[in-house]
file upload24.csv (CSV, C-alpha atoms)
chain,number,residue,atom,x,y,z
A,1097,MET,CA,-31.5,-87.7,23.0
A,1098,PRO,CA,-35.0,-88.9,22.0
A,1099,HIS,CA,-35.0,-91.1,25.1
A,1100,LEU,CA,-34.0,-88.1,27.3
A,1101,LYS,CA,-36.7,-85.9,25.8
A,1102,GLU,CA,-39.3,-88.6,26.5
A,1103,LEU,CA,-37.9,-89.0,30.1
A,1104,VAL,CA,-38.3,-85.3,30.8
A,1105,GLU,CA,-41.8,-85.2,29.3
A,1106,ARG,CA,-42.8,-88.3,31.3
A,1107,HIS,CA,-41.7,-86.7,34.6
A,1108,LYS,CA,-42.6,-83.1,33.9
A,1109,ASP,CA,-44.9,-82.9,36.9
A,1110,ASP,CA,-42.6,-85.0,39.2
A,1111,PRO,CA,-39.8,-84.0,41.5
A,1112,PHE,CA,-37.2,-84.9,38.9
A,1113,VAL,CA,-34.7,-82.8,36.9
A,1114,LEU,CA,-32.4,-83.7,34.1
A,1115,ILE,CA,-29.2,-81.6,34.0
A,1116,GLY,CA,-26.9,-81.7,31.0
A,1117,VAL,CA,-23.2,-81.0,31.2
A,1118,ASN,CA,-21.8,-80.3,27.8
A,1119,TYR,CA,-18.2,-81.3,27.1
A,1120,ASN,CA,-16.0,-80.0,24.4
A,1121,ASP,CA,-18.5,-78.5,21.9
A,1122,GLY,CA,-17.7,-75.1,20.3
A,1123,GLU,CA,-20.3,-72.4,20.9
A,1124,ASP,CA,-21.8,-72.8,17.4
A,1125,GLU,CA,-21.9,-76.6,17.5
A,1126,TYR,CA,-23.5,-76.4,20.9
A,1127,LEU,CA,-26.2,-73.9,20.0
A,1128,SER,CA,-27.1,-75.8,16.8
A,1129,GLY,CA,-27.1,-79.1,18.6
A,1130,MET,CA,-29.4,-77.8,21.3
A,1131,GLU,CA,-31.8,-76.6,18.6
A,1132,LYS,CA,-31.6,-79.7,16.5
A,1133,PHE,CA,-32.3,-82.1,19.3
A,1134,GLY,CA,-34.8,-79.8,21.0
A,1135,VAL,CA,-33.0,-79.7,24.4
A,1136,SER,CA,-35.3,-77.9,26.8
A,1137,TRP,CA,-33.7,-78.9,30.1
A,1138,THR,CA,-31.0,-77.0,32.0
A,1139,CYS,CA,-27.5,-77.6,30.6
A,1140,ALA,CA,-24.1,-76.4,31.7
A,1141,TYR,CA,-21.8,-75.3,29.0
A,1142,GLN,CA,-18.2,-76.0,30.0
A,1143,GLY,CA,-16.4,-75.0,26.8
A,1144,GLN,CA,-13.0,-76.5,26.2
A,1145,SER,CA,-11.8,-76.5,29.8
A,1146,SER,CA,-14.0,-79.0,31.6
A,1147,PRO,CA,-13.9,-78.4,35.4
A,1148,ILE,CA,-17.2,-80.4,36.0
A,1149,SER,CA,-16.1,-83.4,34.0
A,1150,LYS,CA,-12.8,-83.4,35.9
A,1151,LEU,CA,-14.5,-83.1,39.2
A,1152,PHE,CA,-16.7,-86.1,38.4
A,1153,GLU,CA,-13.8,-87.9,36.8
A,1154,VAL,CA,-15.7,-88.4,33.6
A,1155,THR,CA,-13.6,-89.7,30.7
A,1156,GLY,CA,-16.2,-91.2,28.4
A,1157,TYR,CA,-19.3,-89.6,26.9
A,1158,PRO,CA,-22.2,-89.9,27.5
A,1159,THR,CA,-21.8,-90.6,31.2
A,1160,TYR,CA,-24.8,-90.4,33.6
A,1161,PHE,CA,-25.0,-89.9,37.3
A,1162,LEU,CA,-28.3,-90.6,39.0
A,1163,ILE,CA,-28.5,-88.6,42.2
A,1164,GLY,CA,-31.2,-89.2,44.9
A,1165,PRO,CA,-33.1,-86.4,46.7
A,1166,ASP,CA,-30.6,-86.6,49.6
A,1167,GLY,CA,-27.6,-86.1,47.3
A,1168,LYS,CA,-26.5,-89.7,47.3
A,1169,ILE,CA,-25.3,-91.3,44.0
A,1170,LEU,CA,-27.8,-94.0,43.1
A,1171,GLY,CA,-26.1,-95.1,39.9
A,1172,LYS,CA,-23.6,-94.1,37.3
A,1173,GLY,CA,-22.9,-95.5,33.8
A,1174,HIS,CA,-23.1,-94.8,30.1
A,1175,SER,CA,-26.7,-95.7,29.4
A,1176,GLY,CA,-29.4,-93.2,30.2
A,1177,ALA,CA,-32.2,-95.7,29.7
A,1178,ALA,CA,-30.8,-97.9,32.4
A,1179,TYR,CA,-32.2,-95.7,35.1
A,1180,ASP,CA,-35.8,-95.4,34.1
A,1181,GLN,CA,-37.0,-97.8,36.7
A,1182,THR,CA,-34.9,-96.4,39.5
A,1183,ILE,CA,-36.0,-92.9,38.7
A,1184,GLN,CA,-39.7,-94.0,38.9
A,1185,LYS,CA,-39.1,-95.8,42.1
A,1186,GLU,CA,-37.4,-92.8,43.8
A,1187,ILE,CA,-40.1,-90.5,42.6
A,1188,ASP,CA,-42.8,-92.9,44.0
A,1189,LYS,CA,-40.9,-93.0,47.3
A,1190,LEU,CA,-40.8,-89.2,47.5
A,1191,LYS,CA,-44.5,-88.9,46.6
A,1192,SER,CA,-45.6,-91.4,49.2
A,1193,SER,CA,-43.5,-89.8,51.9
A,1194,ALA,CA,-45.1,-86.4,51.1
A,1195,GLU,CA,-48.6,-87.7,51.4
B,26,MET,CA,-3.2,-35.0,32.7
B,27,LEU,CA,-1.9,-38.0,34.5
B,28,ILE,CA,1.2,-39.6,33.2
B,29,PRO,CA,1.4,-43.4,33.7
B,30,ILE,CA,4.5,-44.1,35.8
B,31,THR,CA,5.5,-46.8,33.2
B,32,MET,CA,5.8,-44.1,30.6
B,33,LEU,CA,7.9,-42.0,32.8
B,34,LEU,CA,10.1,-44.9,33.6
B,35,PHE,CA,10.7,-45.5,29.9
B,36,GLY,CA,10.9,-41.9,29.0
B,37,ALA,CA,8.3,-42.2,26.3
B,38,SER,CA,6.0,-39.5,27.6
B,39,PRO,CA,5.4,-36.3,25.8
B,40,ALA,CA,5.3,-33.1,27.8
B,41,PRO,CA,1.8,-32.8,29.3
B,42,ALA,CA,-0.2,-30.3,27.3
B,43,ALA,CA,-2.1,-28.8,30.2
B,44,THR,CA,1.0,-27.6,32.1
B,45,PRO,CA,3.5,-26.4,29.5
B,46,HIS,CA,5.5,-24.4,32.0
B,47,ALA,CA,5.9,-27.1,34.6
B,48,PRO,CA,7.5,-30.3,33.3
B,49,PRO,CA,6.4,-33.4,35.3
B,50,SER,CA,8.3,-33.6,38.5
B,51,LEU,CA,9.1,-36.8,40.4
B,52,ALA,CA,6.3,-35.8,42.8
B,53,THR,CA,3.7,-35.7,40.1
B,54,ALA,CA,4.9,-39.1,39.0
B,55,LEU,CA,4.6,-40.5,42.5
B,56,ILE,CA,1.1,-39.2,43.2
B,57,ALA,CA,-0.1,-40.3,39.7
B,58,PRO,CA,-1.9,-43.7,40.1
B,59,VAL,CA,0.4,-46.5,39.2
B,60,ARG,CA,-1.1,-48.3,36.2
B,61,VAL,CA,-1.5,-51.9,37.0
B,62,ASP,CA,-1.7,-54.3,34.1
B,63,THR,CA,-4.8,-56.3,33.5
B,64,TYR,CA,-4.2,-60.0,33.8
B,65,GLU,CA,-5.4,-60.8,30.3
B,66,GLY,CA,-3.3,-58.0,28.8
B,67,LEU,CA,-0.2,-59.1,30.7
B,68,LEU,CA,-0.6,-62.7,29.8
B,69,LYS,CA,-0.9,-61.9,26.1
B,70,GLU,CA,2.3,-59.8,26.3
B,71,TYR,CA,4.0,-62.6,28.1
B,72,SER,CA,2.9,-65.2,25.5
B,73,GLU,CA,4.2,-63.0,22.8
B,74,ALA,CA,7.6,-62.6,24.5
B,75,LYS,CA,7.8,-66.4,25.0
B,76,ALA,CA,7.0,-67.1,21.3
B,77,ASN,CA,9.5,-64.5,20.4
B,78,SER,CA,12.2,-66.1,22.5
B,79,ARG,CA,11.4,-69.6,21.0
B,80,ALA,CA,11.7,-68.2,17.5
B,81,LYS,CA,15.1,-66.7,18.3
B,82,ILE,CA,16.3,-70.0,19.8
B,83,LYS,CA,15.1,-71.8,16.7
B,84,ALA,CA,16.9,-69.4,14.4
B,85,ALA,CA,20.2,-69.5,16.4
B,86,LYS,CA,23.1,-70.6,14.4
B,87,THR,CA,25.5,-72.0,17.0
B,88,ALA,CA,25.0,-74.0,20.1
B,89,LYS,CA,26.6,-71.3,22.2
B,90,GLU,CA,24.1,-68.7,20.9
B,91,ARG,CA,21.3,-71.1,21.7
B,92,ARG,CA,22.6,-71.6,25.2
B,93,GLU,CA,22.8,-67.9,25.8
B,94,LEU,CA,19.3,-67.3,24.4
B,95,ARG,CA,17.9,-70.1,26.6
B,96,ALA,CA,19.6,-68.5,29.7
B,97,ALA,CA,17.7,-65.2,29.0
B,98,ARG,CA,14.4,-66.2,30.5
B,99,PRO,CA,11.5,-64.0,29.3
B,100,ALA,CA,9.6,-65.0,32.4
B,101,MET,CA,12.0,-63.0,34.6
B,102,ASP,CA,11.2,-59.8,32.8
B,103,PHE,CA,7.6,-60.2,33.7
B,104,LEU,CA,7.9,-61.3,37.3
B,105,GLY,CA,7.7,-57.8,38.7
B,106,ARG,CA,4.5,-57.0,36.8
B,107,PHE,CA,2.7,-60.2,37.8
B,108,ASP,CA,3.8,-59.6,41.4
B,109,ALA,CA,2.3,-56.1,41.2
B,110,LEU,CA,-0.9,-57.6,39.8
B,111,GLY,CA,-1.0,-60.0,42.8
B,112,LYS,CA,-0.4,-57.2,45.2
B,113,SER,CA,-3.2,-55.2,43.7
B,114,GLY,CA,-5.6,-57.9,44.7
B,115,ASP,CA,-5.8,-60.0,41.5
B,116,VAL,CA,-4.3,-63.2,42.8
B,117,ARG,CA,-4.0,-64.6,39.3
B,118,GLY,CA,-0.7,-62.8,39.2
B,119,TYR,CA,0.5,-65.2,41.9
B,120,PHE,CA,-1.0,-68.2,40.1
B,121,TRP,CA,1.2,-67.3,37.2
B,122,MET,CA,4.2,-67.5,39.6
B,123,LEU,CA,3.1,-71.0,40.5
B,124,ASP,CA,2.4,-72.1,36.9
B,125,GLU,CA,5.6,-70.7,35.5
B,126,ALA,CA,7.9,-71.9,38.3
B,127,ARG,CA,10.1,-73.9,35.9
B,128,ARG,CA,10.4,-71.0,33.5
B,129,LEU,CA,11.4,-68.7,36.4
B,130,GLY,CA,14.3,-71.0,36.9
B,131,ILE,CA,13.0,-72.7,40.1
B,132,GLY,CA,14.3,-76.3,40.1
B,133,LYS,CA,12.5,-79.3,41.3
B,134,LYS,CA,14.1,-79.3,44.8
B,135,ASP,CA,13.1,-75.7,45.4
B,136,ARG,CA,9.6,-76.1,44.0
B,137,GLU,CA,7.9,-76.9,47.4
B,138,ALA,CA,9.5,-73.8,49.1
B,139,HIS,CA,8.4,-71.7,46.2
B,140,MET,CA,4.9,-72.9,46.4
B,141,LEU,CA,4.8,-72.2,50.2
B,142,ASP,CA,6.1,-68.7,49.5
B,143,VAL,CA,3.6,-67.9,46.8
B,144,TYR,CA,0.6,-69.4,48.6
B,145,GLY,CA,1.8,-67.4,51.7
B,146,LEU,CA,1.2,-64.3,49.6
B,147,ILE,CA,-2.1,-65.6,48.2
B,148,VAL,CA,-3.7,-66.3,51.6
B,149,MET,CA,-2.9,-62.7,52.7
B,150,ALA,CA,-4.5,-61.1,49.6
B,151,PRO,CA,-7.6,-59.0,49.7
B,152,THR,CA,-10.5,-61.3,50.4
B,153,GLU,CA,-13.2,-59.2,48.6
B,154,SER,CA,-11.7,-60.0,45.1
B,155,LYS,CA,-13.6,-62.4,43.0
B,156,HIS,CA,-10.4,-64.3,42.5
B,157,PHE,CA,-9.8,-65.0,46.2
B,158,LEU,CA,-12.3,-67.9,46.6
B,159,PRO,CA,-11.1,-69.8,43.6
B,160,ALA,CA,-7.6,-69.3,45.0
B,161,LEU,CA,-8.7,-71.1,48.2
B,162,ASP,CA,-10.2,-73.9,46.2
B,163,ARG,CA,-7.0,-74.3,44.3
B,164,LEU,CA,-4.9,-74.3,47.5
B,165,SER,CA,-7.1,-76.9,49.2
B,166,GLU,CA,-6.5,-79.3,46.2
B,167,GLU,CA,-2.9,-78.5,45.7
B,168,GLY,CA,-1.4,-81.9,45.1
B,169,ASN,CA,2.2,-80.7,45.3
B,170,LEU,CA,1.7,-79.7,48.9
B,171,LYS,CA,1.1,-82.1,51.8
B,172,PRO,CA,-2.4,-81.8,53.4
B,173,ALA,CA,-0.8,-80.5,56.6
B,174,GLN,CA,0.9,-77.7,54.7
B,175,ARG,CA,-2.4,-76.8,53.0
B,176,VAL,CA,-4.1,-76.8,56.4
B,177,SER,CA,-1.6,-74.5,57.9
B,178,LEU,CA,-1.9,-72.0,55.0
B,179,LEU,CA,-5.7,-72.1,55.2
B,180,LYS,CA,-5.5,-71.5,58.9
B,181,ARG,CA,-3.7,-68.2,58.1
B,182,VAL,CA,-6.9,-67.1,56.3
B,183,LEU,CA,-8.9,-68.1,59.3
B,184,GLY,CA,-6.5,-66.2,61.6
B,185,ARG,CA,-7.0,-62.9,59.7
B,186,LYS,CA,-9.3,-60.2,61.1
B,187,GLU,CA,-11.8,-58.3,59.0
B,188,ILE,CA,-12.1,-60.7,56.1
B,189,ALA,CA,-15.1,-61.3,53.8
B,190,SER,CA,-17.5,-63.7,55.4
B,191,GLU,CA,-17.6,-65.9,52.3
B,192,ALA,CA,-13.8,-66.2,52.4
B,193,ARG,CA,-13.9,-67.2,56.0
B,194,CYS,CA,-16.6,-69.9,55.4
B,195,THR,CA,-14.7,-71.2,52.4
B,196,ALA,CA,-11.4,-71.5,54.3
B,197,GLN,CA,-13.3,-73.2,57.1
B,198,LEU,CA,-14.9,-75.7,54.7
B,199,HIS,CA,-11.6,-76.6,53.1
B,200,THR,CA,-9.7,-76.8,56.4
B,201,GLY,CA,-12.4,-79.0,57.9
B,202,GLY,CA,-12.5,-81.2,54.8
B,203,LEU,CA,-8.7,-81.7,54.9
B,204,LEU,CA,-8.5,-82.4,58.6
B,205,LEU,CA,-11.4,-84.9,58.3
B,206,LYS,CA,-9.2,-87.0,56.0
B,207,SER,CA,-6.2,-86.9,58.3
B,208,GLU,CA,-5.2,-90.1,60.0
B,209,VAL,CA,-4.7,-88.4,63.4
B,210,ASP,CA,-7.7,-88.6,65.6
B,211,SER,CA,-7.4,-85.2,67.1
B,212,ASP,CA,-7.2,-83.7,63.6
B,213,GLN,CA,-10.3,-85.5,62.6
B,214,ALA,CA,-12.2,-84.3,65.6
B,215,MET,CA,-11.1,-80.7,64.9
B,216,GLY,CA,-12.2,-81.1,61.2
B,217,LYS,CA,-15.6,-82.3,62.4
B,218,GLN,CA,-15.9,-79.4,64.8
B,219,LEU,CA,-15.0,-76.8,62.1
B,220,LEU,CA,-17.6,-78.3,59.7
B,221,LYS,CA,-20.3,-78.4,62.4
B,222,GLU,CA,-19.7,-74.8,63.3
B,223,LEU,CA,-19.9,-73.9,59.6
B,224,ILE,CA,-23.3,-75.7,59.3
B,225,ALA,CA,-24.6,-73.8,62.3
B,226,ASN,CA,-23.3,-70.5,60.9
B,227,ASP,CA,-26.2,-68.8,59.1
B,228,THR,CA,-23.9,-66.4,57.2
B,229,CYS,CA,-22.3,-69.3,55.3
B,230,GLY,CA,-25.3,-69.9,53.0
B,231,LYS,CA,-24.9,-72.7,50.5
B,232,LEU,CA,-21.5,-73.7,51.9
B,233,ALA,CA,-23.3,-75.1,54.9
B,234,LYS,CA,-24.8,-77.7,52.5
B,235,GLU,CA,-21.4,-78.5,51.2
B,236,ALA,CA,-20.1,-78.9,54.8
B,237,GLU,CA,-22.9,-81.4,55.4
B,238,ALA,CA,-21.9,-83.4,52.4
B,239,VAL,CA,-18.2,-83.4,53.4
B,240,LEU,CA,-19.3,-84.7,56.8
B,241,ALA,CA,-21.5,-87.3,55.2
B,242,GLY,CA,-18.7,-88.4,52.9
B,243,ILE,CA,-18.4,-87.0,49.4
B,244,SER,CA,-17.4,-89.6,46.9
B,245,LEU,CA,-18.0,-90.5,43.3
B,246,GLU,CA,-19.0,-94.0,44.0
B,247,VAL,CA,-22.5,-95.3,44.2
B,248,GLY,CA,-23.7,-94.7,47.7
B,249,GLY,CA,-21.5,-91.6,48.3
B,250,ILE,CA,-22.7,-88.0,48.3
B,251,ALA,CA,-22.0,-86.4,44.9
B,252,PRO,CA,-19.8,-83.3,45.1
B,253,ASN,CA,-21.5,-80.0,44.3
B,254,PHE,CA,-20.8,-78.1,41.1
B,255,THR,CA,-21.8,-74.8,39.7
B,256,GLY,CA,-22.9,-75.0,36.1
B,257,THR,CA,-23.2,-72.0,33.8
B,258,THR,CA,-25.6,-72.1,30.9
B,259,ILE,CA,-24.5,-70.6,27.6
B,260,ASP,CA,-26.6,-67.5,28.5
B,261,GLY,CA,-24.4,-67.0,31.5
B,262,GLU,CA,-26.9,-68.1,34.2
B,263,SER,CA,-25.5,-70.3,36.9
B,264,PHE,CA,-27.0,-73.0,39.0
B,265,ASP,CA,-25.7,-75.4,41.6
B,266,LEU,CA,-26.3,-79.2,41.7
B,267,TYR,CA,-27.1,-78.8,45.4
B,268,ASP,CA,-30.0,-76.4,44.5
B,269,TYR,CA,-31.8,-79.6,43.5
B,270,ARG,CA,-31.8,-81.3,46.9
B,271,GLY,CA,-35.2,-83.0,47.4
B,272,LYS,CA,-35.5,-84.0,43.8
B,273,VAL,CA,-34.3,-87.0,41.8
B,274,VAL,CA,-31.5,-85.7,39.5
B,275,LEU,CA,-30.1,-87.3,36.4
B,276,VAL,CA,-26.8,-85.6,35.3
B,277,ASP,CA,-25.9,-86.2,31.7
B,278,PHE,CA,-22.4,-85.5,30.6
B,279,PHE,CA,-22.7,-85.2,26.9
B,280,GLY,CA,-21.3,-83.7,23.7
B,281,PHE,CA,-23.0,-83.2,20.3
B,282,TRP,CA,-19.7,-84.0,18.4

call {"tool": "encode", "arguments": {"input": "upload24.csv", "output": "structure tokens"}}
result
Amino acid sequence: MPHLKELVERHKDDPFVLIGVNYNDGEDEYLSGMEKFGVSWTCAYQGQSSPISKLFEVTGYPTYFLIGPDGKILGKGHSGAAYDQTIQKEIDKLKSSAE
Amino acid sequence: MLIPITMLLFGASPAPAATPHAPPSLATALIAPVRVDTYEGLLKEYSEAKANSRAKIKAAKTAKERRELRAARPAMDFLGRFDALGKSGDVRGYFWMLDEARRLGIGKKDREAHMLDVYGLIVMAPTESKHFLPALDRLSEEGNLKPAQRVSLLKRVLGRKEIASEARCTAQLHTGGLLLKSEVDSDQAMGKQLLKELIANDTCGKLAKEAEAVLAGISLEVGGIAPNFTGTTIDGESFDLYDYRGKVVLVDFFGFW
């Protein structure tokens, strides 16, 4: 979580978004967790049934999918920090193509 | 005062106060709106009946008694009402028939025919209902039916006149997607054609993006196009993954537990 907060802060002016998809928290746990960790980014709350996890065949948590601006999956795995460089590289590509 | 037909059927209705001289006639009963159950209410009643039946079986003293109790299927008592719900436009009534097939006494060998029957009702249901699109999603992913069977059911939606545009676009997306995966060349070509038409159709909105992704090859592997999803925040606001095209997106599946 601290890493994610930092990541969002670092790219707050970039064409980047972090989307959380919560799995299996009760409403109370979820709300207090969001507050405790200061989650400011958009999160989907799935409740007990987990259609999005099923769609993405996610069985372990956390799981990350890094998705490029064209919708292509650039990486998936269990460590959020593993994508820092790729995220930066993709943002740079977008910025240079916009100039 | 309108008397629900269910009360008339069960004779539990008191004489209507407003018309003391004219007892309710059959005609009154027939013009009175038929009260259709809500899905949630009906499901609750059904769960109670199931629990009741289980408790009775558990308490049975002899094997014979148990057998008889097992043969009396509570699901059968509810079939008519779930059917009425489906007919009224809430296709979840039909989903129930699919989910409870075993409890309705439909054996393994008749399961496929049952599914084809019930989906046959679903694809002809009112398309404006908010339950219709999820029904098409479910049909397109129905693992118990062959892709060709799913395609032929979805085509019945496409063959209908006067249906909601969103329903037509969704049916077209699913039909195209299924045909594209076929091993037959002519099917693949037709799938491509359907998806391309959808992309060119301005009335299909965000489904056009999904069609593009299907054409490009949706997959969960690195290099594939991620499938779309609609997320709902705890405040009830919804967003689509595909809304973020043009940005780098990190999706984090997490739990606080």

call {"tool": "residues_around", "arguments": {"input": "upload24.csv", "residues": "His1174 in chain A", "least_positions_apart": "6", "cutoff": "6 Å", "atoms": "only C-alpha atoms", "output": "VMD selection string"}}
result
chain A and resid 1158 to 1160

call {"tool": "residues_around", "arguments": {"input": "upload24.csv", "residues": "Gly1129 in chain A", "least_positions_apart": "6", "cutoff": "10 Å", "atoms": "all atoms listed in the file", "output": "ChimeraX atom specification"}}
result
/A:1121,1123,1135 /B:280-282

call {"tool": "closest_atom_pairs", "arguments": {"input": "upload24.csv", "of": "chain A", "to": "chain B", "cutoff": "9 Å", "atoms": "all atoms listed in the file", "output": "Markdown table"}}
result
| residue | atom | partner | partner_atom | distance |
| --- | --- | --- | --- | --- |
| A:Asp1110 | CA | B:Lys272 | CA | 8.5 |
| A:Pro1111 | CA | B:Lys272 | CA | 4.9 |
| A:Phe1112 | CA | B:Val273 | CA | 4.6 |
| A:Val1113 | CA | B:Val274 | CA | 5.0 |
| A:Leu1114 | CA | B:Leu275 | CA | 4.9 |
| A:Ile1115 | CA | B:Val276 | CA | 4.8 |
| A:Gly1116 | CA | B:Asp277 | CA | 4.7 |
| A:Val1117 | CA | B:Phe278 | CA | 4.6 |
| A:Asn1118 | CA | B:Phe279 | CA | 5.1 |
| A:Tyr1119 | CA | B:Gly280 | CA | 5.2 |
| A:Asn1120 | CA | B:Gly280 | CA | 6.5 |
| A:Asp1121 | CA | B:Gly280 | CA | 6.2 |
| A:Glu1123 | CA | B:Ile259 | CA | 8.1 |
| A:Glu1125 | CA | B:Phe281 | CA | 7.3 |
| A:Tyr1126 | CA | B:Phe281 | CA | 6.8 |
| A:Leu1127 | CA | B:Ile259 | CA | 8.5 |
| A:Gly1129 | CA | B:Phe281 | CA | 6.0 |
| A:Met1130 | CA | B:Phe281 | CA | 8.4 |
| A:Thr1138 | CA | B:Thr258 | CA | 7.4 |
| A:Cys1139 | CA | B:Thr258 | CA | 5.8 |
| A:Ala1140 | CA | B:Thr258 | CA | 4.6 |
| A:Tyr1141 | CA | B:Thr258 | CA | 5.3 |
| A:Gln1142 | CA | B:Thr257 | CA | 7.4 |
| A:Pro1147 | CA | B:Phe254 | CA | 9.0 |
| A:Ile1148 | CA | B:Phe254 | CA | 6.7 |
| A:Ser1149 | CA | B:Phe278 | CA | 7.5 |
| A:Leu1151 | CA | B:Pro252 | CA | 7.9 |
| A:Phe1152 | CA | B:Leu245 | CA | 6.7 |
| A:Glu1153 | CA | B:Leu245 | CA | 8.2 |
| A:Val1154 | CA | B:Phe278 | CA | 7.9 |
| A:Gly1156 | CA | B:Phe278 | CA | 8.7 |
| A:Tyr1157 | CA | B:Phe279 | CA | 5.6 |
| A:Pro1158 | CA | B:Phe279 | CA | 4.8 |
| A:Thr1159 | CA | B:Phe278 | CA | 5.2 |
| A:Tyr1160 | CA | B:Asp277 | CA | 4.7 |
| A:Phe1161 | CA | B:Val276 | CA | 5.1 |
| A:Leu1162 | CA | B:Leu275 | CA | 4.6 |
| A:Ile1163 | CA | B:Val274 | CA | 5.0 |
| A:Gly1164 | CA | B:Val273 | CA | 4.9 |
| A:Pro1165 | CA | B:Gly271 | CA | 4.1 |
| A:Asp1166 | CA | B:Arg270 | CA | 6.1 |
| A:Gly1167 | CA | B:Ile250 | CA | 5.3 |
| A:Lys1168 | CA | B:Ile250 | CA | 4.3 |
| A:Ile1169 | CA | B:Val247 | CA | 4.9 |
| A:Leu1170 | CA | B:Val247 | CA | 5.6 |
| A:Gly1171 | CA | B:Val247 | CA | 5.6 |
| A:Lys1172 | CA | B:Val247 | CA | 7.1 |
| A:Gly1176 | CA | B:Asp277 | CA | 8.0 |
| A:Tyr1179 | CA | B:Leu275 | CA | 8.8 |
| A:Ile1183 | CA | B:Val273 | CA | 6.9 |
| A:Glu1186 | CA | B:Val273 | CA | 6.9 |
| A:Ile1187 | CA | B:Val273 | CA | 6.8 |
| A:Leu1190 | CA | B:Lys272 | CA | 8.3 |

call {"tool": "write_last_selection", "arguments": {"input": "upload24.csv", "atoms": "C-alpha atoms", "output": "tab-separated table (two decimals), in the coordinates of the input"}}
result
chain	number	residue	atom	x	y	z
A	1110	ASP	CA	-42.60	-85.00	39.20
A	1111	PRO	CA	-39.80	-84.00	41.50
A	1112	PHE	CA	-37.20	-84.90	38.90
A	1113	VAL	CA	-34.70	-82.80	36.90
A	1114	LEU	CA	-32.40	-83.70	34.10
A	1115	ILE	CA	-29.20	-81.60	34.00
A	1116	GLY	CA	-26.90	-81.70	31.00
A	1117	VAL	CA	-23.20	-81.00	31.20
A	1118	ASN	CA	-21.80	-80.30	27.80
A	1119	TYR	CA	-18.20	-81.30	27.10
A	1120	ASN	CA	-16.00	-80.00	24.40
A	1121	ASP	CA	-18.50	-78.50	21.90
A	1123	GLU	CA	-20.30	-72.40	20.90
A	1125	GLU	CA	-21.90	-76.60	17.50
A	1126	TYR	CA	-23.50	-76.40	20.90
A	1127	LEU	CA	-26.20	-73.90	20.00
A	1129	GLY	CA	-27.10	-79.10	18.60
A	1130	MET	CA	-29.40	-77.80	21.30
A	1138	THR	CA	-31.00	-77.00	32.00
A	1139	CYS	CA	-27.50	-77.60	30.60
A	1140	ALA	CA	-24.10	-76.40	31.70
A	1141	TYR	CA	-21.80	-75.30	29.00
A	1142	GLN	CA	-18.20	-76.00	30.00
A	1147	PRO	CA	-13.90	-78.40	35.40
A	1148	ILE	CA	-17.20	-80.40	36.00
A	1149	SER	CA	-16.10	-83.40	34.00
A	1151	LEU	CA	-14.50	-83.10	39.20
A	1152	PHE	CA	-16.70	-86.10	38.40
A	1153	GLU	CA	-13.80	-87.90	36.80
A	1154	VAL	CA	-15.70	-88.40	33.60
A	1156	GLY	CA	-16.20	-91.20	28.40
A	1157	TYR	CA	-19.30	-89.60	26.90
A	1158	PRO	CA	-22.20	-89.90	27.50
A	1159	THR	CA	-21.80	-90.60	31.20
A	1160	TYR	CA	-24.80	-90.40	33.60
A	1161	PHE	CA	-25.00	-89.90	37.30
A	1162	LEU	CA	-28.30	-90.60	39.00
A	1163	ILE	CA	-28.50	-88.60	42.20
A	1164	GLY	CA	-31.20	-89.20	44.90
A	1165	PRO	CA	-33.10	-86.40	46.70
A	1166	ASP	CA	-30.60	-86.60	49.60
A	1167	GLY	CA	-27.60	-86.10	47.30
A	1168	LYS	CA	-26.50	-89.70	47.30
A	1169	ILE	CA	-25.30	-91.30	44.00
A	1170	LEU	CA	-27.80	-94.00	43.10
A	1171	GLY	CA	-26.10	-95.10	39.90
A	1172	LYS	CA	-23.60	-94.10	37.30
A	1176	GLY	CA	-29.40	-93.20	30.20
A	1179	TYR	CA	-32.20	-95.70	35.10
A	1183	ILE	CA	-36.00	-92.90	38.70
A	1186	GLU	CA	-37.40	-92.80	43.80
A	1187	ILE	CA	-40.10	-90.50	42.60
A	1190	LEU	CA	-40.80	-89.20	47.50

call {"tool": "closest_residue", "arguments": {"input": "upload24.csv", "among": "B:Gly145, B:Gly66, B:Gly111, B:Gly130", "to": "Ala96 in chain B", "atoms": "all atoms listed in the file"}}
result
B:Gly130

call {"tool": "atom_distance", "arguments": {"input": "upload24.csv", "atom1": "CA of Val148 in chain B", "atom2": "CA of Arg181 in chain B"}}
result
6.8 Å

call {"tool": "atom_distance", "arguments": {"input": "upload24.csv", "atom1": "CA of Ser207 in chain B", "atom2": "CA of Glu166 in chain B"}}
result
14.3 Å

call {"tool": "atom_distance", "arguments": {"input": "upload24.csv", "atom1": "CA of Met215 in chain B", "atom2": "CA of Thr200 in chain B"}}
result
9.5 Å

call {"tool": "residues_around", "arguments": {"input": "upload24.csv", "residues": "Ser78 in chain B", "least_positions_apart": "3", "cutoff": "8 Å", "atoms": "all atoms listed in the file", "output": "list of chain:residue names"}}
result
B:Ala74, B:Lys75, B:Lys81, B:Ile82, B:Leu94, B:Pro99

call {"tool": "residues_around", "arguments": {"input": "upload24.csv", "residues": "Lys1101 in chain A", "least_positions_apart": "5", "cutoff": "10 Å", "atoms": "only C-alpha atoms", "output": "PyMOL selection string"}}
result
chain A and resi 1106+1114+1133-1137
